[in-house]
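See below for work.pdb, which holds PDB, N, CA and C atoms, pLDDT in the B column.
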ATOM      1  N   MET B   1    -176.206-114.587 -35.814  1.00 46.00           N
ATOM      2  CA  MET B   1    -175.833-114.910 -34.455  1.00 46.00           C
ATOM      3  C   MET B   1    -174.566-115.762 -34.481  1.00 46.00           C
ATOM      4  N   PRO B   2    -173.518-115.378 -33.692  1.00 49.00           N
ATOM      5  CA  PRO B   2    -172.268-116.139 -33.719  1.00 49.00           C
ATOM      6  C   PRO B   2    -172.413-117.488 -33.030  1.00 49.00           C
ATOM      7  N   LEU B   3    -171.622-118.420 -33.482  1.00 50.00           N
ATOM      8  CA  LEU B   3    -171.592-119.747 -32.879  1.00 50.00           C
ATOM      9  C   LEU B   3    -170.818-119.672 -31.563  1.00 50.00           C
ATOM     10  N   VAL B   4    -171.407-120.181 -30.501  1.00 47.00           N
ATOM     11  CA  VAL B   4    -170.747-120.205 -29.197  1.00 47.00           C
ATOM     12  C   VAL B   4    -170.624-121.650 -28.761  1.00 47.00           C
ATOM     13  N   VAL B   5    -169.389-122.083 -28.595  1.00 52.00           N
ATOM     14  CA  VAL B   5    -169.121-123.445 -28.158  1.00 52.00           C
ATOM     15  C   VAL B   5    -168.389-123.349 -26.822  1.00 52.00           C
ATOM     16  N   PRO B   6    -169.009-123.819 -25.733  1.00 50.00           N
ATOM     17  CA  PRO B   6    -168.348-123.725 -24.426  1.00 50.00           C
ATOM     18  C   PRO B   6    -166.958-124.332 -24.442  1.00 50.00           C
ATOM     19  N   GLY B   7    -166.011-123.613 -23.864  1.00 50.00           N
ATOM     20  CA  GLY B   7    -164.639-124.106 -23.770  1.00 50.00           C
ATOM     21  C   GLY B   7    -163.784-123.791 -24.979  1.00 50.00           C
ATOM     22  N   ILE B   8    -164.389-123.385 -26.096  1.00 51.00           N
ATOM     23  CA  ILE B   8    -163.594-123.085 -27.288  1.00 51.00           C
ATOM     24  C   ILE B   8    -163.519-121.584 -27.523  1.00 51.00           C
ATOM     25  N   ASN B   9    -164.669-120.932 -27.557  1.00 52.00           N
ATOM     26  CA  ASN B   9    -164.627-119.504 -27.829  1.00 52.00           C
ATOM     27  C   ASN B   9    -165.321-118.700 -26.745  1.00 52.00           C
ATOM     28  N   ASN B  10    -165.031-119.043 -25.503  1.00 51.00           N
ATOM     29  CA  ASN B  10    -165.587-118.260 -24.409  1.00 51.00           C
ATOM     30  C   ASN B  10    -164.561-117.242 -23.943  1.00 51.00           C
ATOM     31  N   SER B  11    -164.984-116.307 -23.117  1.00 55.00           N
ATOM     32  CA  SER B  11    -164.086-115.238 -22.692  1.00 55.00           C
ATOM     33  C   SER B  11    -163.019-115.729 -21.717  1.00 55.00           C
ATOM     34  N   LEU B  12    -163.258-116.837 -21.029  1.00 62.00           N
ATOM     35  CA  LEU B  12    -162.272-117.352 -20.084  1.00 62.00           C
ATOM     36  C   LEU B  12    -160.953-117.682 -20.781  1.00 62.00           C
ATOM     37  N   SER B  13    -161.032-118.311 -21.952  1.00 72.00           N
ATOM     38  CA  SER B  13    -159.828-118.637 -22.703  1.00 72.00           C
ATOM     39  C   SER B  13    -159.081-117.364 -23.085  1.00 72.00           C
ATOM     40  N   GLY B  14    -159.825-116.346 -23.505  1.00 84.00           N
ATOM     41  CA  GLY B  14    -159.208-115.069 -23.856  1.00 84.00           C
ATOM     42  C   GLY B  14    -158.547-114.403 -22.675  1.00 84.00           C
ATOM     43  N   GLU B  15    -159.159-114.530 -21.508  1.00 90.00           N
ATOM     44  CA  GLU B  15    -158.580-113.952 -20.294  1.00 90.00           C
ATOM     45  C   GLU B  15    -157.280-114.666 -19.923  1.00 90.00           C
ATOM     46  N   LYS B  16    -157.274-115.999 -20.049  1.00 93.00           N
ATOM     47  CA  LYS B  16    -156.054-116.762 -19.744  1.00 93.00           C
ATOM     48  C   LYS B  16    -154.950-116.385 -20.722  1.00 93.00           C
ATOM     49  N   THR B  17    -155.306-116.245 -22.002  1.00 94.00           N
ATOM     50  CA  THR B  17    -154.310-115.881 -23.005  1.00 94.00           C
ATOM     51  C   THR B  17    -153.725-114.512 -22.697  1.00 94.00           C
ATOM     52  N   GLU B  18    -154.576-113.557 -22.364  1.00 95.00           N
ATOM     53  CA  GLU B  18    -154.095-112.210 -22.056  1.00 95.00           C
ATOM     54  C   GLU B  18    -153.205-112.215 -20.815  1.00 95.00           C
ATOM     55  N   GLU B  19    -153.603-112.976 -19.803  1.00 95.00           N
ATOM     56  CA  GLU B  19    -152.812-113.065 -18.574  1.00 95.00           C
ATOM     57  C   GLU B  19    -151.415-113.622 -18.860  1.00 95.00           C
ATOM     58  N   TRP B  20    -151.348-114.717 -19.618  1.00 96.00           N
ATOM     59  CA  TRP B  20    -150.055-115.324 -19.916  1.00 96.00           C
ATOM     60  C   TRP B  20    -149.247-114.483 -20.899  1.00 96.00           C
ATOM     61  N   THR B  21    -149.914-113.775 -21.794  1.00 96.00           N
ATOM     62  CA  THR B  21    -149.208-112.864 -22.692  1.00 96.00           C
ATOM     63  C   THR B  21    -148.478-111.807 -21.866  1.00 96.00           C
ATOM     64  N   ASN B  22    -149.172-111.238 -20.892  1.00 96.00           N
ATOM     65  CA  ASN B  22    -148.559-110.211 -20.036  1.00 96.00           C
ATOM     66  C   ASN B  22    -147.395-110.767 -19.235  1.00 96.00           C
ATOM     67  N   LYS B  23    -147.459-112.024 -18.842  1.00 95.00           N
ATOM     68  CA  LYS B  23    -146.382-112.635 -18.051  1.00 95.00           C
ATOM     69  C   LYS B  23    -145.161-112.999 -18.886  1.00 95.00           C
ATOM     70  N   LEU B  24    -145.382-113.394 -20.163  1.00 97.00           N
ATOM     71  CA  LEU B  24    -144.307-114.031 -20.922  1.00 97.00           C
ATOM     72  C   LEU B  24    -143.677-113.221 -22.056  1.00 97.00           C
ATOM     73  N   VAL B  25    -144.444-112.390 -22.742  1.00 97.00           N
ATOM     74  CA  VAL B  25    -143.916-111.724 -23.938  1.00 97.00           C
ATOM     75  C   VAL B  25    -142.692-110.880 -23.584  1.00 97.00           C
ATOM     76  N   GLY B  26    -141.624-111.085 -24.353  1.00 97.00           N
ATOM     77  CA  GLY B  26    -140.372-110.368 -24.155  1.00 97.00           C
ATOM     78  C   GLY B  26    -139.392-111.088 -23.249  1.00 97.00           C
ATOM     79  N   LYS B  27    -139.830-112.160 -22.594  1.00 97.00           N
ATOM     80  CA  LYS B  27    -138.949-112.918 -21.701  1.00 97.00           C
ATOM     81  C   LYS B  27    -138.430-114.167 -22.411  1.00 97.00           C
ATOM     82  N   THR B  28    -137.356-114.725 -21.879  1.00 97.00           N
ATOM     83  CA  THR B  28    -136.857-116.016 -22.356  1.00 97.00           C
ATOM     84  C   THR B  28    -137.325-117.082 -21.371  1.00 97.00           C
ATOM     85  N   LEU B  29    -137.364-118.331 -21.828  1.00 96.00           N
ATOM     86  CA  LEU B  29    -137.750-119.442 -20.960  1.00 96.00           C
ATOM     87  C   LEU B  29    -136.497-120.082 -20.390  1.00 96.00           C
ATOM     88  N   SER B  30    -136.547-120.403 -19.110  1.00 95.00           N
ATOM     89  CA  SER B  30    -135.412-120.975 -18.403  1.00 95.00           C
ATOM     90  C   SER B  30    -135.798-122.326 -17.819  1.00 95.00           C
ATOM     91  N   GLU B  31    -134.835-123.202 -17.666  1.00 93.00           N
ATOM     92  CA  GLU B  31    -135.067-124.503 -17.035  1.00 93.00           C
ATOM     93  C   GLU B  31    -135.055-124.387 -15.514  1.00 93.00           C
ATOM     94  N   ASP B  32    -134.376-123.361 -14.983  1.00 91.00           N
ATOM     95  CA  ASP B  32    -134.103-123.301 -13.553  1.00 91.00           C
ATOM     96  C   ASP B  32    -134.981-122.353 -12.742  1.00 91.00           C
ATOM     97  N   SER B  33    -135.016-121.078 -13.123  1.00 90.00           N
ATOM     98  CA  SER B  33    -135.670-120.101 -12.256  1.00 90.00           C
ATOM     99  C   SER B  33    -136.277-118.962 -13.061  1.00 90.00           C
ATOM    100  N   SER B  34    -137.099-118.177 -12.378  1.00 92.00           N
ATOM    101  CA  SER B  34    -137.708-116.995 -12.981  1.00 92.00           C
ATOM    102  C   SER B  34    -137.029-115.744 -12.454  1.00 92.00           C
ATOM    103  N   THR B  35    -136.800-114.790 -13.350  1.00 92.00           N
ATOM    104  CA  THR B  35    -136.266-113.479 -12.974  1.00 92.00           C
ATOM    105  C   THR B  35    -137.087-112.433 -13.725  1.00 92.00           C
ATOM    106  N   GLU B  36    -136.607-111.202 -13.743  1.00 94.00           N
ATOM    107  CA  GLU B  36    -137.319-110.161 -14.485  1.00 94.00           C
ATOM    108  C   GLU B  36    -137.306-110.431 -15.990  1.00 94.00           C
ATOM    109  N   THR B  37    -136.282-111.114 -16.481  1.00 95.00           N
ATOM    110  CA  THR B  37    -136.156-111.329 -17.925  1.00 95.00           C
ATOM    111  C   THR B  37    -136.344-112.778 -18.352  1.00 95.00           C
ATOM    112  N   THR B  38    -136.509-113.692 -17.395  1.00 96.00           N
ATOM    113  CA  THR B  38    -136.718-115.102 -17.724  1.00 96.00           C
ATOM    114  C   THR B  38    -137.939-115.647 -16.982  1.00 96.00           C
ATOM    115  N   PHE B  39    -138.494-116.737 -17.521  1.00 97.00           N
ATOM    116  CA  PHE B  39    -139.620-117.413 -16.885  1.00 97.00           C
ATOM    117  C   PHE B  39    -139.315-118.902 -16.861  1.00 97.00           C
ATOM    118  N   CYS B  40    -139.485-119.518 -15.718  1.00 96.00           N
ATOM    119  CA  CYS B  40    -139.161-120.934 -15.545  1.00 96.00           C
ATOM    120  C   CYS B  40    -140.190-121.818 -16.258  1.00 96.00           C
ATOM    121  N   LYS B  41    -139.740-122.744 -17.079  1.00 95.00           N
ATOM    122  CA  LYS B  41    -140.633-123.628 -17.837  1.00 95.00           C
ATOM    123  C   LYS B  41    -141.538-124.461 -16.936  1.00 95.00           C
ATOM    124  N   ARG B  42    -141.045-124.874 -15.785  1.00 95.00           N
ATOM    125  CA  ARG B  42    -141.861-125.726 -14.913  1.00 95.00           C
ATOM    126  C   ARG B  42    -143.045-124.975 -14.306  1.00 95.00           C
ATOM    127  N   ASP B  43    -143.038-123.646 -14.388  1.00 95.00           N
ATOM    128  CA  ASP B  43    -144.150-122.843 -13.878  1.00 95.00           C
ATOM    129  C   ASP B  43    -145.230-122.593 -14.927  1.00 95.00           C
ATOM    130  N   LEU B  44    -145.033-123.099 -16.139  1.00 96.00           N
ATOM    131  CA  LEU B  44    -146.045-122.970 -17.193  1.00 96.00           C
ATOM    132  C   LEU B  44    -147.173-123.961 -16.922  1.00 96.00           C
ATOM    133  N   PRO B  45    -148.403-123.602 -17.269  1.00 95.00           N
ATOM    134  CA  PRO B  45    -149.525-124.529 -17.056  1.00 95.00           C
ATOM    135  C   PRO B  45    -149.425-125.717 -18.010  1.00 95.00           C
ATOM    136  N   GLN B  46    -150.033-126.803 -17.635  1.00 95.00           N
ATOM    137  CA  GLN B  46    -150.064-127.989 -18.505  1.00 95.00           C
ATOM    138  C   GLN B  46    -151.444-128.123 -19.117  1.00 95.00           C
ATOM    139  N   PRO B  47    -151.567-128.448 -20.347  1.00 96.00           N
ATOM    140  CA  PRO B  47    -150.492-128.676 -21.321  1.00 96.00           C
ATOM    141  C   PRO B  47    -150.017-127.368 -21.949  1.00 96.00           C
ATOM    142  N   THR B  48    -148.725-127.281 -22.204  1.00 97.00           N
ATOM    143  CA  THR B  48    -148.119-126.136 -22.888  1.00 97.00           C
ATOM    144  C   THR B  48    -147.225-126.660 -23.995  1.00 97.00           C
ATOM    145  N   ARG B  49    -147.264-125.974 -25.132  1.00 96.00           N
ATOM    146  CA  ARG B  49    -146.391-126.319 -26.258  1.00 96.00           C
ATOM    147  C   ARG B  49    -145.536-125.096 -26.557  1.00 96.00           C
ATOM    148  N   VAL B  50    -144.221-125.255 -26.533  1.00 97.00           N
ATOM    149  CA  VAL B  50    -143.292-124.177 -26.862  1.00 97.00           C
ATOM    150  C   VAL B  50    -142.908-124.350 -28.330  1.00 97.00           C
ATOM    151  N   VAL B  51    -143.198-123.317 -29.136  1.00 97.00           N
ATOM    152  CA  VAL B  51    -142.979-123.384 -30.579  1.00 97.00           C
ATOM    153  C   VAL B  51    -141.798-122.486 -30.939  1.00 97.00           C
ATOM    154  N   GLN B  52    -140.747-123.111 -31.441  1.00 97.00           N
ATOM    155  CA  GLN B  52    -139.553-122.375 -31.848  1.00 97.00           C
ATOM    156  C   GLN B  52    -139.653-122.011 -33.324  1.00 97.00           C
ATOM    157  N   PRO B  53    -138.913-120.975 -33.766  1.00 97.00           N
ATOM    158  CA  PRO B  53    -138.967-120.569 -35.173  1.00 97.00           C
ATOM    159  C   PRO B  53    -138.639-121.736 -36.105  1.00 97.00           C
ATOM    160  N   GLY B  54    -139.466-121.923 -37.113  1.00 96.00           N
ATOM    161  CA  GLY B  54    -139.255-122.970 -38.106  1.00 96.00           C
ATOM    162  C   GLY B  54    -139.689-124.355 -37.665  1.00 96.00           C
ATOM    163  N   MET B  55    -140.173-124.484 -36.450  1.00 96.00           N
ATOM    164  CA  MET B  55    -140.588-125.786 -35.926  1.00 96.00           C
ATOM    165  C   MET B  55    -141.917-126.204 -36.534  1.00 96.00           C
ATOM    166  N   MET B  56    -142.024-127.461 -36.921  1.00 96.00           N
ATOM    167  CA  MET B  56    -143.281-127.980 -37.447  1.00 96.00           C
ATOM    168  C   MET B  56    -144.177-128.362 -36.283  1.00 96.00           C
ATOM    169  N   VAL B  57    -145.461-127.988 -36.383  1.00 94.00           N
ATOM    170  CA  VAL B  57    -146.422-128.313 -35.333  1.00 94.00           C
ATOM    171  C   VAL B  57    -147.686-128.879 -35.970  1.00 94.00           C
ATOM    172  N   THR B  58    -148.416-129.659 -35.203  1.00 94.00           N
ATOM    173  CA  THR B  58    -149.679-130.199 -35.687  1.00 94.00           C
ATOM    174  C   THR B  58    -150.743-129.112 -35.641  1.00 94.00           C
ATOM    175  N   LYS B  59    -151.809-129.296 -36.412  1.00 92.00           N
ATOM    176  CA  LYS B  59    -152.892-128.316 -36.441  1.00 92.00           C
ATOM    177  C   LYS B  59    -154.082-128.765 -35.607  1.00 92.00           C
ATOM    178  N   ASP B  60    -153.881-129.779 -34.778  1.00 93.00           N
ATOM    179  CA  ASP B  60    -154.978-130.221 -33.927  1.00 93.00           C
ATOM    180  C   ASP B  60    -155.316-129.135 -32.915  1.00 93.00           C
ATOM    181  N   PHE B  61    -156.602-129.023 -32.579  1.00 91.00           N
ATOM    182  CA  PHE B  61    -157.064-127.992 -31.665  1.00 91.00           C
ATOM    183  C   PHE B  61    -157.291-128.606 -30.294  1.00 91.00           C
ATOM    184  N   VAL B  62    -156.541-128.136 -29.313  1.00 92.00           N
ATOM    185  CA  VAL B  62    -156.678-128.578 -27.931  1.00 92.00           C
ATOM    186  C   VAL B  62    -156.983-127.312 -27.120  1.00 92.00           C
ATOM    187  N   PRO B  63    -158.259-127.102 -26.751  1.00 91.00           N
ATOM    188  CA  PRO B  63    -158.672-125.836 -26.141  1.00 91.00           C
ATOM    189  C   PRO B  63    -157.873-125.423 -24.909  1.00 91.00           C
ATOM    190  N   ASP B  64    -157.452-126.373 -24.089  1.00 92.00           N
ATOM    191  CA  ASP B  64    -156.740-126.039 -22.864  1.00 92.00           C
ATOM    192  C   ASP B  64    -155.230-125.880 -23.054  1.00 92.00           C
ATOM    193  N   ARG B  65    -154.729-126.222 -24.229  1.00 95.00           N
ATOM    194  CA  ARG B  65    -153.278-126.158 -24.452  1.00 95.00           C
ATOM    195  C   ARG B  65    -152.841-124.722 -24.728  1.00 95.00           C
ATOM    196  N   MET B  66    -151.808-124.293 -24.026  1.00 96.00           N
ATOM    197  CA  MET B  66    -151.226-122.982 -24.281  1.00 96.00           C
ATOM    198  C   MET B  66    -150.051-123.159 -25.227  1.00 96.00           C
ATOM    199  N   ASN B  67    -150.019-122.337 -26.268  1.00 97.00           N
ATOM    200  CA  ASN B  67    -148.925-122.334 -27.226  1.00 97.00           C
ATOM    201  C   ASN B  67    -148.084-121.091 -26.985  1.00 97.00           C
ATOM    202  N   VAL B  68    -146.791-121.290 -26.751  1.00 98.00           N
ATOM    203  CA  VAL B  68    -145.864-120.191 -26.516  1.00 98.00           C
ATOM    204  C   VAL B  68    -144.930-120.134 -27.719  1.00 98.00           C
ATOM    205  N   TYR B  69    -144.939-119.020 -28.442  1.00 98.00           N
ATOM    206  CA  TYR B  69    -144.144-118.858 -29.660  1.00 98.00           C
ATOM    207  C   TYR B  69    -142.900-118.033 -29.360  1.00 98.00           C
ATOM    208  N   LEU B  70    -141.747-118.569 -29.780  1.00 98.00           N
ATOM    209  CA  LEU B  70    -140.471-117.897 -29.557  1.00 98.00           C
ATOM    210  C   LEU B  70    -139.970-117.226 -30.822  1.00 98.00           C
ATOM    211  N   LYS B  71    -139.216-116.144 -30.646  1.00 98.00           N
ATOM    212  CA  LYS B  71    -138.530-115.479 -31.756  1.00 98.00           C
ATOM    213  C   LYS B  71    -137.156-116.123 -31.928  1.00 98.00           C
ATOM    214  N   ASP B  72    -136.431-115.704 -32.958  1.00 97.00           N
ATOM    215  CA  ASP B  72    -135.097-116.247 -33.223  1.00 97.00           C
ATOM    216  C   ASP B  72    -134.139-116.060 -32.055  1.00 97.00           C
ATOM    217  N   ASP B  73    -134.298-114.976 -31.303  1.00 97.00           N
ATOM    218  CA  ASP B  73    -133.393-114.728 -30.177  1.00 97.00           C
ATOM    219  C   ASP B  73    -133.811-115.455 -28.903  1.00 97.00           C
ATOM    220  N   GLY B  74    -134.896-116.249 -28.969  1.00 96.00           N
ATOM    221  CA  GLY B  74    -135.335-117.036 -27.822  1.00 96.00           C
ATOM    222  C   GLY B  74    -136.337-116.359 -26.915  1.00 96.00           C
ATOM    223  N   THR B  75    -136.692-115.112 -27.224  1.00 97.00           N
ATOM    224  CA  THR B  75    -137.701-114.452 -26.403  1.00 97.00           C
ATOM    225  C   THR B  75    -139.102-114.811 -26.901  1.00 97.00           C
ATOM    226  N   VAL B  76    -140.063-114.718 -26.008  1.00 98.00           N
ATOM    227  CA  VAL B  76    -141.460-115.056 -26.341  1.00 98.00           C
ATOM    228  C   VAL B  76    -142.047-113.920 -27.179  1.00 98.00           C
ATOM    229  N   SER B  77    -142.606-114.278 -28.345  1.00 98.00           N
ATOM    230  CA  SER B  77    -143.233-113.266 -29.204  1.00 98.00           C
ATOM    231  C   SER B  77    -144.727-113.146 -28.941  1.00 98.00           C
ATOM    232  N   HIS B  78    -145.403-114.287 -28.741  1.00 97.00           N
ATOM    233  CA  HIS B  78    -146.834-114.257 -28.439  1.00 97.00           C
ATOM    234  C   HIS B  78    -147.294-115.596 -27.868  1.00 97.00           C
ATOM    235  N   VAL B  79    -148.520-115.571 -27.338  1.00 97.00           N
ATOM    236  CA  VAL B  79    -149.101-116.731 -26.682  1.00 97.00           C
ATOM    237  C   VAL B  79    -150.536-116.879 -27.180  1.00 97.00           C
ATOM    238  N   ASN B  80    -150.990-118.129 -27.385  1.00 95.00           N
ATOM    239  CA  ASN B  80    -152.413-118.367 -27.653  1.00 95.00           C
ATOM    240  C   ASN B  80    -152.807-119.718 -27.089  1.00 95.00           C
ATOM    241  N   HIS B  81    -154.091-119.953 -27.059  1.00 94.00           N
ATOM    242  CA  HIS B  81    -154.612-121.245 -26.587  1.00 94.00           C
ATOM    243  C   HIS B  81    -155.271-121.959 -27.762  1.00 94.00           C
ATOM    244  N   GLY B  82    -155.120-123.277 -27.777  1.00 89.00           N
ATOM    245  CA  GLY B  82    -155.772-124.057 -28.838  1.00 89.00           C
ATOM    246  C   GLY B  82    -154.933-125.144 -29.386  1.00 89.00           C
TER     247      GLY B  82
END
Can the structure in the file be given as structure tokens, please?
Amino acid sequence: MPLVVPGINNSLSGEKTEEWTNKLVGKTLSEDSSTETTFCKRDLPQPTRVVQPGMMVTKDFVPDRMNVYLKDDGTVSHVNHG
């Protein structure tokens, strides 16, 4: 039987990740506004961590934190929570 810990491995987190993946992957992040190819940083949920290529990050697990990973060209490659 799998371990189920509320708030860590429930389907709600997976749904949020999928929703934000659909909104962000392939777009760049902007300080000002959202368009078809950009997404405004201020519209991201809190807490959010933007991870750039080669950036060092902590391994602490924060279930509500969204991690947005960027490629070398600045576009979003993937999103996860934790």
Q: Within 6 Å of segment 40-48 of chain B, counting only C-alpha atoms, which residues show up once you throw out same-chain ones fewer than 6 positions away? Write them as a PyMOL selection string, please.
A: chain B and resi 29-34+65-67
Selected residues, N, CA and C atoms, written as a short mmCIF file (atom, residue, chain, number, x, y, z; two decimals), in the frame of the given file, please.
data_model
loop_
_atom_site.label_atom_id
_atom_site.label_comp_id
_atom_site.auth_asym_id
_atom_site.auth_seq_id
_atom_site.Cartn_x
_atom_site.Cartn_y
_atom_site.Cartn_z
N LEU B 29 -137.36 -118.33 -21.83
CA LEU B 29 -137.75 -119.44 -20.96
C LEU B 29 -136.50 -120.08 -20.39
N SER B 30 -136.55 -120.40 -19.11
CA SER B 30 -135.41 -120.98 -18.40
C SER B 30 -135.80 -122.33 -17.82
N GLU B 31 -134.84 -123.20 -17.67
CA GLU B 31 -135.07 -124.50 -17.04
C GLU B 31 -135.06 -124.39 -15.51
N ASP B 32 -134.38 -123.36 -14.98
CA ASP B 32 -134.10 -123.30 -13.55
C ASP B 32 -134.98 -122.35 -12.74
N SER B 33 -135.02 -121.08 -13.12
CA SER B 33 -135.67 -120.10 -12.26
C SER B 33 -136.28 -118.96 -13.06
N SER B 34 -137.10 -118.18 -12.38
CA SER B 34 -137.71 -117.00 -12.98
C SER B 34 -137.03 -115.74 -12.45
N ARG B 65 -154.73 -126.22 -24.23
CA ARG B 65 -153.28 -126.16 -24.45
C ARG B 65 -152.84 -124.72 -24.73
N MET B 66 -151.81 -124.29 -24.03
CA MET B 66 -151.23 -122.98 -24.28
C MET B 66 -150.05 -123.16 -25.23
N ASN B 67 -150.02 -122.34 -26.27
CA ASN B 67 -148.93 -122.33 -27.23
C ASN B 67 -148.08 -121.09 -26.98
#
5 Å per side around segment 48-61 of chain B: axis-aligned box centre and edge lengths, as AutoDock Vina command-line options:
--center_x -148.0 --center_y -125.4 --center_z -30.2 --size_x 28.7 --size_y 19.7 --size_z 25.9
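Of note, atom CA of Val57 of chain B and atom CA of Glu36 of chain B are spaced 29.1 Å apart.
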Q: Tell me which protein, DNA and RNA residues are within 8 Å of Leu24 of chain B, counting only N, CA and C atoms, leaving out same-chain ones fewer than 4 positions away, and put them as a VMD selection string.
A: chain B and resid 18 to 20 28 38 to 39 75 to 79
Q) Between atom CA of Val68 of chain B and atom CA of Thr35 of chain B, what is the spacing in Å? A)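 Separation between atom CA of Thr35 of chain B and atom CA of Val68 of chain B: 17.9 Å.
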**Q.** Given the PyMOL selection byres ((chain B and resi 53) around 7), the residues it picks as a PyMOL selection string
**A.** chain B and resi 51-52+54-56+69-72
Output N, CA and C atoms for every residue in that selection, as an mmCIF file, in the frame of the given file.
data_model
loop_
_atom_site.group_PDB
_atom_site.id
_atom_site.type_symbol
_atom_site.label_atom_id
_atom_site.label_comp_id
_atom_site.auth_asym_id
_atom_site.auth_seq_id
_atom_site.Cartn_x
_atom_site.Cartn_y
_atom_site.Cartn_z
ATOM 1 N N VAL B 51 -143.198 -123.317 -29.136
ATOM 2 C CA VAL B 51 -142.979 -123.384 -30.579
ATOM 3 C C VAL B 51 -141.798 -122.486 -30.939
ATOM 4 N N GLN B 52 -140.747 -123.111 -31.441
ATOM 5 C CA GLN B 52 -139.553 -122.375 -31.848
ATOM 6 C C GLN B 52 -139.653 -122.011 -33.324
ATOM 7 N N GLY B 54 -139.466 -121.923 -37.113
ATOM 8 C CA GLY B 54 -139.255 -122.970 -38.106
ATOM 9 C C GLY B 54 -139.689 -124.355 -37.665
ATOM 10 N N MET B 55 -140.173 -124.484 -36.450
ATOM 11 C CA MET B 55 -140.588 -125.786 -35.926
ATOM 12 C C MET B 55 -141.917 -126.204 -36.534
ATOM 13 N N MET B 56 -142.024 -127.461 -36.921
ATOM 14 C CA MET B 56 -143.281 -127.980 -37.447
ATOM 15 C C MET B 56 -144.177 -128.362 -36.283
ATOM 16 N N TYR B 69 -144.939 -119.020 -28.442
ATOM 17 C CA TYR B 69 -144.144 -118.858 -29.660
ATOM 18 C C TYR B 69 -142.900 -118.033 -29.360
ATOM 19 N N LEU B 70 -141.747 -118.569 -29.780
ATOM 20 C CA LEU B 70 -140.471 -117.897 -29.557
ATOM 21 C C LEU B 70 -139.970 -117.226 -30.822
ATOM 22 N N LYS B 71 -139.216 -116.144 -30.646
ATOM 23 C CA LYS B 71 -138.530 -115.479 -31.756
ATOM 24 C C LYS B 71 -137.156 -116.123 -31.928
ATOM 25 N N ASP B 72 -136.431 -115.704 -32.958
ATOM 26 C CA ASP B 72 -135.097 -116.247 -33.223
ATOM 27 C C ASP B 72 -134.139 -116.060 -32.055
#
(Q) Could you list, as an NGL selection string, every residue within 5 Å of Gly82 of chain B, counting only N, CA and C atoms and ignoring same-chain residues fewer than 4 positions away? (A) :B and (61-63 or 65)
Using DSSP on the backbone, list every residue of chain B that comes out as strand (DSSP E or B), and give them as a CSV table (one decimal) with N, CA and C atoms, keeping the file's coordinate frame.
chain,number,residue,atom,x,y,z
B,28,THR,N,-137.4,-114.7,-21.9
B,28,THR,CA,-136.9,-116.0,-22.4
B,28,THR,C,-137.3,-117.1,-21.4
B,29,LEU,N,-137.4,-118.3,-21.8
B,29,LEU,CA,-137.8,-119.4,-21.0
B,29,LEU,C,-136.5,-120.1,-20.4
B,30,SER,N,-136.5,-120.4,-19.1
B,30,SER,CA,-135.4,-121.0,-18.4
B,30,SER,C,-135.8,-122.3,-17.8
B,38,THR,N,-136.5,-113.7,-17.4
B,38,THR,CA,-136.7,-115.1,-17.7
B,38,THR,C,-137.9,-115.6,-17.0
B,39,PHE,N,-138.5,-116.7,-17.5
B,39,PHE,CA,-139.6,-117.4,-16.9
B,39,PHE,C,-139.3,-118.9,-16.9
B,40,CYS,N,-139.5,-119.5,-15.7
B,40,CYS,CA,-139.2,-120.9,-15.5
B,40,CYS,C,-140.2,-121.8,-16.3
B,48,THR,N,-148.7,-127.3,-22.2
B,48,THR,CA,-148.1,-126.1,-22.9
B,48,THR,C,-147.2,-126.7,-24.0
B,49,ARG,N,-147.3,-126.0,-25.1
B,49,ARG,CA,-146.4,-126.3,-26.3
B,49,ARG,C,-145.5,-125.1,-26.6
B,50,VAL,N,-144.2,-125.3,-26.5
B,50,VAL,CA,-143.3,-124.2,-26.9
B,50,VAL,C,-142.9,-124.4,-28.3
B,51,VAL,N,-143.2,-123.3,-29.1
B,51,VAL,CA,-143.0,-123.4,-30.6
B,51,VAL,C,-141.8,-122.5,-30.9
B,66,MET,N,-151.8,-124.3,-24.0
B,66,MET,CA,-151.2,-123.0,-24.3
B,66,MET,C,-150.1,-123.2,-25.2
B,67,ASN,N,-150.0,-122.3,-26.3
B,67,ASN,CA,-148.9,-122.3,-27.2
B,67,ASN,C,-148.1,-121.1,-27.0
B,68,VAL,N,-146.8,-121.3,-26.8
B,68,VAL,CA,-145.9,-120.2,-26.5
B,68,VAL,C,-144.9,-120.1,-27.7
B,69,TYR,N,-144.9,-119.0,-28.4
B,69,TYR,CA,-144.1,-118.9,-29.7
B,69,TYR,C,-142.9,-118.0,-29.4
B,70,LEU,N,-141.7,-118.6,-29.8
B,70,LEU,CA,-140.5,-117.9,-29.6
B,70,LEU,C,-140.0,-117.2,-30.8
B,75,THR,N,-136.7,-115.1,-27.2
B,75,THR,CA,-137.7,-114.5,-26.4
B,75,THR,C,-139.1,-114.8,-26.9
B,76,VAL,N,-140.1,-114.7,-26.0
B,76,VAL,CA,-141.5,-115.1,-26.3
B,76,VAL,C,-142.0,-113.9,-27.2
B,77,SER,N,-142.6,-114.3,-28.3
B,77,SER,CA,-143.2,-113.3,-29.2
B,77,SER,C,-144.7,-113.1,-28.9
B,78,HIS,N,-145.4,-114.3,-28.7
B,78,HIS,CA,-146.8,-114.3,-28.4
B,78,HIS,C,-147.3,-115.6,-27.9
B,79,VAL,N,-148.5,-115.6,-27.3
B,79,VAL,CA,-149.1,-116.7,-26.7
B,79,VAL,C,-150.5,-116.9,-27.2
B,80,ASN,N,-151.0,-118.1,-27.4
B,80,ASN,CA,-152.4,-118.4,-27.7
B,80,ASN,C,-152.8,-119.7,-27.1
B,81,HIS,N,-154.1,-120.0,-27.1
B,81,HIS,CA,-154.6,-121.2,-26.6
B,81,HIS,C,-155.3,-122.0,-27.8
Q | Atomic distance atom CA of Thr21 of chain B - atom CA of Asp64 of chain B, expressed in Å with one decimal | A | 15.2 Å
